[in-house]
$ cat final05.csv   # CSV, C-alpha atoms and all ligand atoms
chain,number,residue,atom,x,y,z
W,1487,MET,CA,0.0,0.0,0.0
W,1488,LEU,CA,1.0,3.6,-0.6
W,1489,ILE,CA,0.1,6.2,1.9
W,1490,VAL,CA,-0.1,9.6,0.4
W,1491,MET,CA,0.1,12.5,2.8
W,1492,ASP,CA,-1.5,16.0,2.5
W,1493,HIS,CA,0.7,18.4,0.7
W,1494,GLY,CA,3.2,19.9,3.1
W,1495,ALA,CA,2.2,17.5,5.9
W,1496,ALA,CA,4.4,18.3,9.0
W,1497,LYS,CA,7.1,15.8,10.0
W,1498,PRO,CA,5.3,14.6,13.3
W,1499,LEU,CA,2.3,13.5,11.2
W,1500,VAL,CA,4.6,11.5,8.9
W,1501,ASP,CA,6.4,10.1,11.9
W,1502,THR,CA,3.0,8.9,13.3
W,1503,VAL,CA,2.2,7.1,10.1
W,1504,VAL,CA,5.7,5.5,10.1
W,1505,ALA,CA,5.3,4.3,13.7
W,1506,ARG,CA,1.8,2.9,12.9
W,1507,ILE,CA,3.3,0.9,10.0
W,1508,GLU,CA,6.0,-0.4,12.2
W,1509,SER,CA,3.7,-1.3,15.0
W,1510,LEU,CA,1.8,-3.6,12.6
W,1511,GLY,CA,5.0,-5.4,11.7
W,1512,PHE,CA,5.5,-3.9,8.3
W,1513,THR,CA,8.4,-1.8,6.9
W,1514,PRO,CA,7.9,1.8,6.0
W,1515,GLN,CA,9.6,3.1,2.9
W,1516,ALA,CA,9.9,6.9,2.4
W,1517,ILE,CA,9.1,7.8,-1.2
W,1518,PRO,CA,11.2,10.8,-2.2
W,1519,GLY,CA,10.7,13.3,-4.9
W,1520,GLY,CA,8.0,15.3,-6.5
W,1521,ASP,CA,5.6,17.5,-4.7
W,1522,ARG,CA,4.0,14.5,-3.0
W,1523,VAL,CA,4.9,13.1,0.4
W,1524,ALA,CA,4.2,9.4,0.4
W,1525,ILE,CA,5.2,6.4,2.5
W,1526,GLY,CA,5.2,2.9,1.1
W,1527,VAL,CA,4.2,-0.2,3.1
W,1528,LEU,CA,6.5,-3.2,2.6
W,1529,GLY,CA,6.6,-6.6,4.0
W,1530,ASN,CA,2.8,-7.4,3.8
W,1531,GLN,CA,2.0,-10.8,2.4
W,1532,GLY,CA,-1.5,-9.8,1.4
W,1533,TYR,CA,-4.1,-7.0,1.5
W,1534,VAL,CA,-3.2,-4.3,4.0
W,1535,ASP,CA,-6.1,-3.2,6.2
W,1536,GLU,CA,-6.9,0.5,5.7
W,1537,ALA,CA,-8.5,1.0,9.1
W,1538,PRO,CA,-5.3,1.7,11.1
W,1539,PHE,CA,-4.4,4.5,8.7
W,1540,ARG,CA,-7.6,5.9,7.4
W,1541,ASP,CA,-8.2,8.5,10.2
W,1542,LEU,CA,-4.6,9.5,11.0
W,1543,PRO,CA,-4.1,13.2,10.6
W,1544,GLY,CA,-2.4,14.3,7.4
W,1545,VAL,CA,-3.3,11.1,5.5
W,1546,ARG,CA,-4.8,12.1,2.1
W,1547,GLU,CA,-5.1,8.8,0.2
W,1548,LEU,CA,-4.5,5.1,0.6
W,1549,ILE,CA,-3.5,3.4,-2.6
W,1550,HIS,CA,-3.4,-0.4,-2.8
W,1551,VAL,CA,-0.6,-1.9,-4.9
W,1552,THR,CA,-1.8,-5.1,-6.4
W,1553,LYS,CA,1.3,-5.6,-8.6
W,1554,PRO,CA,3.9,-8.2,-7.6
W,1555,TYR,CA,6.5,-5.4,-7.5
W,1556,LYS,CA,6.8,-2.2,-5.6
W,1557,LEU,CA,10.4,-1.0,-5.2
W,1558,VAL,CA,11.0,-1.1,-8.9
W,1559,SER,CA,7.8,0.8,-9.7
W,1560,ARG,CA,7.5,4.5,-10.4
W,1561,ASP,CA,4.8,4.6,-7.8
W,1562,PHE,CA,7.3,3.8,-5.0
W,1563,HIS,CA,10.2,5.7,-6.7
W,1564,PRO,CA,9.2,8.4,-9.1
W,1565,GLU,CA,12.7,9.6,-10.0
W,1566,ASP,CA,14.9,7.8,-12.5
W,1567,THR,CA,17.6,5.6,-11.1
W,1568,VAL,CA,21.0,6.1,-12.7
W,1569,VAL,CA,23.1,2.9,-12.5
W,1570,GLU,CA,26.9,3.5,-12.6
W,1571,VAL,CA,29.1,0.7,-14.0
W,1572,GLY,CA,32.7,1.7,-13.5
W,1573,GLY,CA,31.9,5.3,-13.9
W,1574,VAL,CA,29.6,4.7,-16.9
W,1575,ARG,CA,26.1,6.0,-16.3
W,1576,PHE,CA,22.9,4.1,-17.4
W,1577,GLY,CA,19.6,5.9,-17.0
W,1578,TRP,CA,16.5,7.1,-18.8
W,1579,GLY,CA,17.3,10.3,-20.6
W,1580,GLN,CA,21.1,9.8,-20.1
W,1581,GLU,CA,23.4,9.5,-23.1
W,1582,PRO,CA,22.9,5.9,-24.3
W,1583,VAL,CA,25.7,3.4,-23.5
W,1584,VAL,CA,27.1,0.8,-25.8
W,1585,ILE,CA,28.2,-2.5,-24.2
W,1586,ALA,CA,30.1,-4.8,-26.7
W,1587,GLY,CA,32.2,-7.8,-26.8
W,1588,PRO,CA,32.2,-11.5,-27.6
W,1589,CYS,CA,29.5,-13.9,-26.6
W,1590,ALA,CA,32.1,-16.0,-24.8
W,1591,VAL,CA,35.6,-15.6,-23.5
W,1592,GLU,CA,37.5,-18.0,-25.7
W,1593,SER,CA,41.2,-17.1,-25.2
W,1594,ARG,CA,43.4,-14.2,-23.9
W,1595,GLU,CA,44.2,-13.2,-27.5
W,1596,GLN,CA,40.5,-13.2,-28.6
W,1597,VAL,CA,39.3,-11.1,-25.8
W,1598,ALA,CA,42.3,-8.7,-26.0
W,1599,ALA,CA,41.5,-8.2,-29.7
W,1600,ALA,CA,37.8,-7.8,-29.0
W,1601,ALA,CA,38.5,-5.2,-26.3
W,1602,ARG,CA,40.7,-3.2,-28.7
W,1603,ILE,CA,38.0,-3.2,-31.3
W,1604,VAL,CA,35.2,-2.2,-29.1
W,1605,LYS,CA,37.2,0.4,-27.2
W,1606,GLN,CA,38.5,2.0,-30.4
W,1607,ALA,CA,35.1,2.2,-31.9
W,1608,GLY,CA,33.8,4.0,-28.8
W,1609,ALA,CA,32.0,1.4,-26.7
W,1610,GLN,CA,32.0,2.2,-23.0
W,1611,VAL,CA,31.6,-1.3,-21.5
W,1612,LEU,CA,33.2,-4.7,-22.5
W,1613,ARG,CA,31.1,-7.9,-22.3
W,1614,GLY,CA,32.2,-11.5,-22.5
W,1615,GLY,CA,30.8,-14.7,-21.0
W,1616,ALA,CA,33.0,-16.9,-18.9
W,1617,PHE,CA,30.1,-19.1,-17.7
W,1618,LYS,CA,27.9,-19.9,-20.7
W,1619,PRO,CA,24.4,-21.2,-20.4
W,1620,ARG,CA,24.3,-23.4,-23.5
W,1621,THR,CA,21.2,-25.2,-24.7
W,1622,GLY,CA,23.1,-28.5,-25.1
W,1623,PRO,CA,25.9,-30.0,-23.0
W,1624,HIS,CA,28.1,-30.7,-26.1
W,1625,SER,CA,28.5,-27.0,-26.9
W,1626,PHE,CA,31.3,-24.9,-25.5
W,1627,GLN,CA,30.5,-24.2,-21.9
W,1628,GLY,CA,32.9,-21.3,-21.3
W,1629,LEU,CA,36.3,-21.1,-19.6
W,1630,GLY,CA,34.9,-20.5,-16.2
W,1631,PHE,CA,37.0,-18.7,-13.6
W,1632,GLU,CA,40.0,-18.6,-16.0
W,1633,GLY,CA,37.7,-16.8,-18.5
W,1634,LEU,CA,36.7,-14.4,-15.7
W,1635,GLU,CA,40.4,-13.4,-15.1
W,1636,ILE,CA,41.0,-13.1,-18.9
W,1637,LEU,CA,38.1,-10.7,-19.2
W,1638,ALA,CA,39.0,-8.6,-16.2
W,1639,GLU,CA,42.6,-8.3,-17.4
W,1640,ALA,CA,41.4,-7.2,-20.9
W,1641,GLY,CA,39.1,-4.6,-19.3
W,1642,ARG,CA,41.9,-3.3,-17.2
W,1643,ALA,CA,44.3,-3.2,-20.2
W,1644,ALA,CA,41.7,-1.4,-22.4
W,1645,GLY,CA,40.6,0.9,-19.5
W,1646,ILE,CA,36.9,0.0,-19.7
W,1647,PRO,CA,34.6,-1.7,-17.2
W,1648,VAL,CA,33.4,-5.3,-17.9
W,1649,VAL,CA,30.2,-7.2,-17.5
W,1650,THR,CA,29.9,-10.9,-17.3
W,1651,GLU,CA,27.2,-13.5,-16.5
W,1652,VAL,CA,26.9,-15.4,-13.3
W,1653,MET,CA,25.1,-18.8,-13.4
W,1654,ARG,CA,25.3,-20.0,-9.8
W,1655,ILE,CA,25.4,-18.6,-6.3
W,1656,ASP,CA,28.7,-20.2,-5.6
W,1657,GLN,CA,30.3,-18.2,-8.5
W,1658,LEU,CA,28.9,-14.9,-7.3
W,1659,GLU,CA,31.6,-13.7,-5.0
W,1660,ARG,CA,34.4,-14.2,-7.5
W,1661,VAL,CA,32.4,-12.8,-10.4
W,1662,ALA,CA,31.6,-9.7,-8.3
W,1663,ALA,CA,35.3,-9.3,-7.4
W,1664,ALA,CA,36.4,-9.5,-11.1
W,1665,ALA,CA,33.5,-7.7,-12.9
W,1666,ASP,CA,32.1,-4.2,-12.7
W,1667,CYS,CA,28.6,-5.4,-13.5
W,1668,ILE,CA,27.1,-8.9,-13.0
W,1669,GLN,CA,24.8,-10.3,-15.7
W,1670,VAL,CA,21.9,-12.6,-14.8
W,1671,GLY,CA,20.9,-14.2,-18.1
W,1672,ALA,CA,17.5,-14.9,-19.6
W,1673,ARG,CA,17.6,-18.5,-18.4
W,1674,ASN,CA,18.2,-17.5,-14.8
W,1675,MET,CA,15.8,-14.6,-14.7
W,1676,GLN,CA,13.5,-16.6,-12.4
W,1677,ASN,CA,16.3,-18.3,-10.4
W,1678,PHE,CA,14.9,-16.6,-7.3
W,1679,ASP,CA,17.7,-17.8,-4.9
W,1680,LEU,CA,20.3,-16.4,-7.3
W,1681,LEU,CA,18.4,-13.1,-7.5
W,1682,LYS,CA,18.2,-12.8,-3.8
W,1683,GLU,CA,22.0,-13.3,-3.5
W,1684,THR,CA,22.7,-10.7,-6.2
W,1685,GLY,CA,20.7,-8.3,-4.1
W,1686,ARG,CA,23.3,-8.7,-1.3
W,1687,ILE,CA,26.2,-7.9,-3.6
W,1688,GLY,CA,27.3,-4.3,-3.9
W,1689,LYS,CA,27.8,-4.4,-7.7
W,1690,PRO,CA,25.4,-3.3,-10.4
W,1691,ILE,CA,23.3,-6.1,-11.9
W,1692,LEU,CA,22.3,-6.5,-15.6
W,1693,LEU,CA,19.1,-8.5,-15.5
W,1694,LYS,CA,18.0,-10.0,-18.9
W,1695,ARG,CA,14.4,-10.7,-19.6
W,1696,GLY,CA,13.5,-14.4,-19.5
W,1697,MET,CA,12.8,-15.8,-23.0
W,1698,SER,CA,9.1,-16.4,-22.1
W,1699,ALA,CA,8.7,-13.9,-19.3
W,1700,THR,CA,5.9,-11.4,-19.2
W,1701,LEU,CA,6.7,-7.9,-18.3
W,1702,GLU,CA,5.2,-8.4,-14.9
W,1703,GLU,CA,7.4,-11.4,-14.3
W,1704,PHE,CA,10.5,-9.4,-15.5
W,1705,LEU,CA,9.8,-6.6,-13.0
W,1706,ALA,CA,8.9,-9.0,-10.2
W,1707,ALA,CA,12.4,-10.7,-10.8
W,1708,ALA,CA,14.1,-7.3,-10.5
W,1709,GLU,CA,12.0,-6.7,-7.3
W,1710,TYR,CA,13.8,-9.6,-5.7
W,1711,ILE,CA,17.2,-7.8,-6.2
W,1712,LEU,CA,16.0,-4.5,-4.9
W,1713,LEU,CA,14.2,-6.0,-1.9
W,1714,ALA,CA,17.4,-7.8,-1.0
W,1715,GLY,CA,19.1,-4.4,-0.9
W,1716,ASN,CA,20.6,-3.7,-4.3
W,1717,SER,CA,18.9,-0.9,-6.3
W,1718,GLN,CA,21.6,-0.8,-9.0
W,1719,VAL,CA,19.8,-2.9,-11.6
W,1720,ILE,CA,19.7,-2.4,-15.4
W,1721,LEU,CA,17.0,-4.3,-17.2
W,1722,CYS,CA,17.7,-5.8,-20.6
W,1723,GLU,CA,15.1,-6.6,-23.3
W,1724,ARG,CA,16.7,-9.4,-25.4
W,1725,GLY,CA,13.7,-10.8,-27.4
W,1726,ILE,CA,11.1,-13.3,-26.4
W,1727,ARG,CA,9.9,-16.5,-27.8
W,1728,THR,CA,6.7,-16.3,-29.8
W,1729,PHE,CA,4.9,-18.2,-32.5
W,1730,GLU,CA,7.2,-16.5,-35.0
W,1731,GLN,CA,10.3,-18.7,-35.8
W,1732,ALA,CA,11.8,-16.6,-38.6
W,1733,LEU,CA,14.3,-15.0,-36.3
W,1734,ARG,CA,16.0,-16.2,-33.1
W,1735,ASN,CA,13.6,-14.3,-30.9
W,1736,THR,CA,11.0,-11.6,-31.3
W,1737,LEU,CA,12.4,-8.2,-30.1
W,1738,ASP,CA,9.7,-6.7,-28.0
W,1739,LEU,CA,10.6,-3.0,-28.5
W,1740,GLY,CA,7.3,-1.7,-27.3
W,1741,VAL,CA,8.2,-2.6,-23.8
W,1742,VAL,CA,11.0,0.0,-23.7
W,1743,PRO,CA,8.7,3.1,-23.6
W,1744,TYR,CA,6.2,1.2,-21.6
W,1745,LEU,CA,8.9,0.3,-19.0
W,1746,ARG,CA,9.7,3.9,-18.8
W,1747,GLN,CA,6.2,4.5,-17.5
W,1748,LEU,CA,6.3,1.5,-15.1
W,1749,THR,CA,9.8,1.7,-13.6
W,1750,HIS,CA,12.6,4.0,-12.7
W,1751,LEU,CA,15.3,1.4,-13.5
W,1752,PRO,CA,17.2,1.9,-16.8
W,1753,VAL,CA,16.4,-0.4,-19.7
W,1754,ILE,CA,18.8,-1.5,-22.4
W,1755,VAL,CA,18.3,-3.6,-25.5
W,1756,ASP,CA,20.3,-6.6,-26.8
W,1757,PRO,CA,19.5,-6.8,-30.5
W,1758,SER,CA,22.1,-9.5,-31.1
W,1759,HIS,CA,20.3,-12.3,-29.2
W,1760,ALA,CA,17.0,-11.0,-30.4
W,1761,VAL,CA,17.5,-11.3,-34.1
W,1762,GLY,CA,20.3,-13.9,-34.2
W,1763,LYS,CA,21.5,-12.6,-37.6
W,1764,ARG,CA,24.4,-10.2,-38.1
W,1765,ALA,CA,22.8,-8.2,-40.8
W,1766,LEU,CA,19.8,-7.3,-38.6
W,1767,VAL,CA,21.7,-6.2,-35.5
W,1768,ALA,CA,22.4,-2.6,-36.7
W,1769,PRO,CA,18.8,-1.7,-37.7
W,1770,MET,CA,17.4,-3.0,-34.4
W,1771,ALA,CA,20.1,-1.3,-32.4
W,1772,LYS,CA,19.2,1.9,-34.0
W,1773,ALA,CA,15.5,1.2,-33.4
W,1774,ALA,CA,16.3,0.6,-29.7
W,1775,LEU,CA,17.8,4.1,-29.4
W,1776,VAL,CA,14.8,5.7,-31.2
W,1777,VAL,CA,12.4,4.2,-28.6
W,1778,GLY,CA,14.5,5.6,-25.8
W,1779,ALA,CA,16.7,2.7,-24.6
W,1780,ALA,CA,19.4,3.6,-22.1
W,1781,GLY,CA,21.9,1.6,-24.1
W,1782,VAL,CA,22.4,-1.4,-26.3
W,1783,MET,CA,24.5,-4.6,-25.9
W,1784,ILE,CA,26.1,-5.9,-29.1
W,1785,GLU,CA,28.1,-9.1,-29.7
W,1786,VAL,CA,31.4,-8.4,-31.4
W,1787,HIS,CA,34.1,-11.0,-32.3
W,1788,PRO,CA,37.4,-10.4,-34.0
W,1789,GLU,CA,36.7,-13.4,-36.2
W,1790,PRO,CA,33.0,-14.3,-36.1
W,1791,GLY,CA,33.5,-17.3,-38.4
W,1792,ALA,CA,35.6,-18.9,-35.8
W,1793,ALA,CA,33.5,-18.0,-32.8
W,1794,LEU,CA,32.7,-20.8,-30.4
W,1795,CYS,CA,29.4,-19.3,-29.6
W,1796,ASP,CA,26.9,-17.1,-31.5
W,1797,GLY,CA,29.2,-16.4,-34.5
W,1798,PRO,CA,26.2,-15.8,-36.9
W,1799,GLN,CA,25.0,-12.8,-34.9
W,1800,SER,CA,28.4,-11.4,-34.0
W,1801,LEU,CA,29.8,-8.3,-35.8
W,1802,ASP,CA,33.4,-8.1,-36.8
W,1803,ALA,CA,35.6,-5.0,-36.4
W,1804,ALA,CA,34.4,-3.3,-39.6
W,1805,GLY,CA,30.8,-4.1,-38.9
W,1806,PHE,CA,31.0,-2.8,-35.4
W,1807,GLU,CA,32.7,0.4,-36.4
W,1808,ALA,CA,30.1,1.0,-39.1
W,1809,LEU,CA,27.3,0.5,-36.4
W,1810,MET,CA,29.0,2.9,-34.0
W,1811,ASP,CA,29.2,5.4,-36.7
W,1812,GLU,CA,25.5,5.0,-37.5
W,1813,LEU,CA,24.5,5.2,-33.9
W,1814,TYR,CA,26.6,8.4,-33.5
W,1815,ARG,CA,24.8,10.0,-36.4
W,1816,LEU,CA,21.4,8.8,-35.2
W,1817,ARG,CA,22.1,10.4,-31.8
W,1818,GLN,CA,23.0,13.7,-33.4
W,1819,ALA,CA,19.7,13.6,-35.3
W,1820,LEU,CA,17.7,12.6,-32.2
W,1821,VAL,CA,19.0,15.3,-29.9
W,1822,SER,CA,18.9,18.1,-32.5
J,1,LIG,C1,24.4,-13.5,-23.2
J,1,LIG,O1,24.1,-12.3,-23.2
J,1,LIG,O2,25.5,-13.9,-23.2
J,1,LIG,C2,23.3,-14.5,-23.1
J,1,LIG,C3,23.5,-15.7,-22.9
J,1,LIG,O3,22.1,-13.9,-23.4
J,1,LIG,P1,20.6,-14.4,-22.9
J,1,LIG,O4,20.7,-14.7,-21.5
J,1,LIG,O5,19.8,-13.2,-23.2
J,1,LIG,O6,20.3,-15.6,-23.8
J,2,MN,MN,25.6,-14.9,-27.1
$ encode --input "final05.csv" --output "structure tokens" --more "lines below"
Ligand code: PEP
Ligand code: MN
Amino acid sequence: MLIVMDHGAAKPLVDTVVARIESLGFTPQAIPGGDRVAIGVLGNQGYVDEAPFRDLPGVRELIHVTKPYKLVSRDFHPEDTVVEVGGVRFGWGQEPVVIAGPCAVESREQVAAAARIVKQAGAQVLRGGAFKPRTGPHSFQGLGFEGLEILAEAGRAAGIPVVTEVMRIDQLERVAAAADCIQVGARNMQNFDLLKETGRIGKPILLKRGMSATLEEFLAAAEYILLAGNSQVILCERGIRTFEQALRNTLDLGVVPYLRQLTHLPVIVDPSHAVGKRALVAPMAKAALVVGAAGVMIEVHPEPGAALCDGPQSLDAAGFEALMDELYRLRQALVS
């Protein structure tokens, strides 16, 4: 429930409401910003009875929140959250960020080359998977902790922050120590125990939408992380599975402006996993910026034909440079 106070309600009145919330065993959450003083009620498992609040002085309105998420919602947090990844800022209305790099860390040389390509072309964050969630067990599974070190080293050498995926709770501490941002992939979006643990880590989290997740489920997954104490969460639309089989996934771009209404968390788009075909990555990356995404994540490989994972959707150096150039020119047009 949201308790909206009269405009300019004095502090003692707000304190009384806070005390009443606590006396009922719930947790009060001050809601900053705007011209509205409001207090959120957290920790209830069901409907919150209005009676203890209805007649308290200064209370203007009681709003029941029926959604499975509160902390991620604009109702509870009207102002945009800006997530900082090694000094790079992600947020609604901020300059869009480009994350780029290979699907998987394959070798020191491959990641170093990829890092040089993406840095030189102007990307701000390097990506690369050390732990790879592959559909079949015969596919390359990633270099694990060795890959993590290779990625971190390449990021340091290139002077850019790195993001990499965590698959299990027991990897989390070492991933957090090596990476500037921790990715929770589509397949783990509803691994609730993992989400809770990422909430206890003081590093930004990049949460990808599950391949069959509704928007409500996506936001409820992010809620786990915020509720556990970490509000540095970037959401990533990466395509969903629909009846349409022509492309790898169906990029659900309409959710970007819709999420801007629903949540204060930044939203980026991963066109690479959405379309699965190299030639379609650039147009959809541009479309993502047009609809207001806070950034894009692009798979780039120094030699896509030799990639151990997702080669067909990976851009090479020339392709990525061309895309960055197009994105730059698009930005000039959008802000002018
Ligand atoms: C990835 O980004 O490396 C990845 C595996 O993507 P997704 O979880 O969206 O499939
Ligand atoms: Mn991939």
$ atom_distance --input "final05.csv" --atom1 "atom CA of W:Gly1685" --atom2 "atom CA of W:Ile1549"
26.9 Å
$ closest_residue --input "final05.csv" --among "W:Ala1779, W:Val1523, W:Ile1754, W:Leu1528" --to "ligand LIG 1 (chain J)" --atoms "only C-alpha atoms and all ligand atoms"
W:Ile1754
$ residues_around --input "final05.csv" --residues "W:Leu1739" --least-positions-apart "4" --cutoff "8 Å" --atoms "only C-alpha atoms" --output "compact mmCIF listing (two decimals) with C-alpha atoms, in the frame of the given file"
# COMPACT_ATOMS: atom_id res chain seq x y z
CA GLU W 1723 15.10 -6.60 -23.30
CA ALA W 1774 16.30 0.60 -29.70
CA VAL W 1777 12.40 4.20 -28.60
$ residues_around --input "final05.csv" --residues "W:Gly1762" --least-positions-apart "3" --cutoff "12 Å" --atoms "all atoms listed in the file" --output "PyMOL selection string"
chain W and resi 1589+1724-1725+1731-1737+1756-1759+1765-1768+1770+1784-1785+1795-1801
$ atom_distance --input "final05.csv" --atom1 "atom CA of W:Val1527" --atom2 "atom CA of W:His1550"
9.6 Å
$ closest_atom_pairs --input "final05.csv" --of "chain W" --to "ligand LIG 1 (chain J)" --cutoff "6 Å" --atoms "only C-alpha atoms and all ligand atoms" --output "CSV"
residue,atom,partner,partner_atom,distance
W:Cys1589,CA,J:LIG1,O2,5.2
W:Gly1615,CA,J:LIG1,O2,5.8
W:Gly1671,CA,J:LIG1,O4,3.4
W:Ala1672,CA,J:LIG1,O4,3.7
W:Arg1673,CA,J:LIG1,O4,5.8
W:Lys1694,CA,J:LIG1,O5,5.7
W:Arg1724,CA,J:LIG1,O5,5.4
$ closest_residue --input "final05.csv" --among "W:Leu1701, W:Ala1707, W:Val1761, W:Val1597" --to "W:Asn1674" --atoms "all atoms listed in the file"
W:Ala1707
$ atom_distance --input "final05.csv" --atom1 "atom CA of W:Thr1552" --atom2 "atom CA of W:Tyr1533"
8.4 Å
$ residues_around --input "final05.csv" --residues "W:Glu1547" --least-positions-apart "2" --cutoff "8 Å" --atoms "only C-alpha atoms" --output "PyMOL selection string"
chain W and resi 1489-1491+1545+1549
$ write_last_selection --input "final05.csv" --atoms "C-alpha atoms" --output "mmCIF file, in the coordinates of the input"
data_model
loop_
_atom_site.group_PDB
_atom_site.id
_atom_site.type_symbol
_atom_site.label_atom_id
_atom_site.label_comp_id
_atom_site.auth_asym_id
_atom_site.auth_seq_id
_atom_site.Cartn_x
_atom_site.Cartn_y
_atom_site.Cartn_z
ATOM 1 C CA ILE W 1489 0.100 6.200 1.900
ATOM 2 C CA VAL W 1490 -0.100 9.600 0.400
ATOM 3 C CA MET W 1491 0.100 12.500 2.800
ATOM 4 C CA VAL W 1545 -3.300 11.100 5.500
ATOM 5 C CA ILE W 1549 -3.500 3.400 -2.600
#
$ closest_residue --input "final05.csv" --among "W:Ala1780, W:Ala1793, W:Met1487, W:Ile1655" --to "ligand MN 2 (chain J)" --atoms "all atoms listed in the file"
W:Ala1793
$ closest_residue --input "final05.csv" --among "W:Ala1819, W:Ala1803, W:Ala1665, W:Val1786" --to "ligand MN 2 (chain J)" --atoms "all atoms listed in the file"
W:Val1786
$ closest_residue --input "final05.csv" --among "W:Ile1603, W:Ala1773, W:Ala1804, W:Ile1720" --to "W:Phe1704" --atoms "all atoms listed in the file"
W:Ile1720
$ closest_residue --input "final05.csv" --among "W:Gly1614, W:Asp1656, W:Val1742, W:Pro1752" --to "W:Asp1679" --atoms "all atoms listed in the file"
W:Asp1656
$ residues_around --input "final05.csv" --residues "W:Arg1546" --least-positions-apart "5" --cutoff "12 Å" --atoms "only C-alpha atoms" --output "MDAnalysis selection string"
chainID W and resid 1488:1495 1499:1500 1503 1522:1525 1539:1541
$ residues_around --input "final05.csv" --residues "stretch 1622-1637 of chain W" --least-positions-apart "2" --cutoff "12 Å" --atoms "only C-alpha atoms" --output "mmCIF file with C-alpha atoms, in the coordinates of the input"
data_model
loop_
_atom_site.group_PDB
_atom_site.id
_atom_site.type_symbol
_atom_site.label_atom_id
_atom_site.label_comp_id
_atom_site.auth_asym_id
_atom_site.auth_seq_id
_atom_site.Cartn_x
_atom_site.Cartn_y
_atom_site.Cartn_z
ATOM 1 C CA GLY W 1587 32.200 -7.800 -26.800
ATOM 2 C CA PRO W 1588 32.200 -11.500 -27.600
ATOM 3 C CA CYS W 1589 29.500 -13.900 -26.600
ATOM 4 C CA ALA W 1590 32.100 -16.000 -24.800
ATOM 5 C CA VAL W 1591 35.600 -15.600 -23.500
ATOM 6 C CA GLU W 1592 37.500 -18.000 -25.700
ATOM 7 C CA SER W 1593 41.200 -17.100 -25.200
ATOM 8 C CA ARG W 1594 43.400 -14.200 -23.900
ATOM 9 C CA GLU W 1595 44.200 -13.200 -27.500
ATOM 10 C CA GLN W 1596 40.500 -13.200 -28.600
ATOM 11 C CA VAL W 1597 39.300 -11.100 -25.800
ATOM 12 C CA ALA W 1598 42.300 -8.700 -26.000
ATOM 13 C CA ALA W 1599 41.500 -8.200 -29.700
ATOM 14 C CA ALA W 1600 37.800 -7.800 -29.000
ATOM 15 C CA ALA W 1601 38.500 -5.200 -26.300
ATOM 16 C CA VAL W 1611 31.600 -1.300 -21.500
ATOM 17 C CA LEU W 1612 33.200 -4.700 -22.500
ATOM 18 C CA ARG W 1613 31.100 -7.900 -22.300
ATOM 19 C CA GLY W 1614 32.200 -11.500 -22.500
ATOM 20 C CA GLY W 1615 30.800 -14.700 -21.000
ATOM 21 C CA ALA W 1616 33.000 -16.900 -18.900
ATOM 22 C CA PHE W 1617 30.100 -19.100 -17.700
ATOM 23 C CA LYS W 1618 27.900 -19.900 -20.700
ATOM 24 C CA PRO W 1619 24.400 -21.200 -20.400
ATOM 25 C CA ARG W 1620 24.300 -23.400 -23.500
ATOM 26 C CA GLU W 1639 42.600 -8.300 -17.400
ATOM 27 C CA ALA W 1640 41.400 -7.200 -20.900
ATOM 28 C CA GLY W 1641 39.100 -4.600 -19.300
ATOM 29 C CA ARG W 1642 41.900 -3.300 -17.200
ATOM 30 C CA ALA W 1643 44.300 -3.200 -20.200
ATOM 31 C CA ALA W 1644 41.700 -1.400 -22.400
ATOM 32 C CA GLY W 1645 40.600 0.900 -19.500
ATOM 33 C CA ILE W 1646 36.900 0.000 -19.700
ATOM 34 C CA PRO W 1647 34.600 -1.700 -17.200
ATOM 35 C CA VAL W 1648 33.400 -5.300 -17.900
ATOM 36 C CA VAL W 1649 30.200 -7.200 -17.500
ATOM 37 C CA THR W 1650 29.900 -10.900 -17.300
ATOM 38 C CA GLU W 1651 27.200 -13.500 -16.500
ATOM 39 C CA VAL W 1652 26.900 -15.400 -13.300
ATOM 40 C CA MET W 1653 25.100 -18.800 -13.400
ATOM 41 C CA ARG W 1654 25.300 -20.000 -9.800
ATOM 42 C CA ASP W 1656 28.700 -20.200 -5.600
ATOM 43 C CA GLN W 1657 30.300 -18.200 -8.500
ATOM 44 C CA LEU W 1658 28.900 -14.900 -7.300
ATOM 45 C CA GLU W 1659 31.600 -13.700 -5.000
ATOM 46 C CA ARG W 1660 34.400 -14.200 -7.500
ATOM 47 C CA VAL W 1661 32.400 -12.800 -10.400
ATOM 48 C CA ALA W 1662 31.600 -9.700 -8.300
ATOM 49 C CA ALA W 1663 35.300 -9.300 -7.400
ATOM 50 C CA ALA W 1664 36.400 -9.500 -11.100
ATOM 51 C CA ALA W 1665 33.500 -7.700 -12.900
ATOM 52 C CA ASP W 1666 32.100 -4.200 -12.700
ATOM 53 C CA ILE W 1668 27.100 -8.900 -13.000
ATOM 54 C CA ALA W 1793 33.500 -18.000 -32.800
ATOM 55 C CA LEU W 1794 32.700 -20.800 -30.400
ATOM 56 C CA CYS W 1795 29.400 -19.300 -29.600
ATOM 57 C CA ASP W 1796 26.900 -17.100 -31.500
#
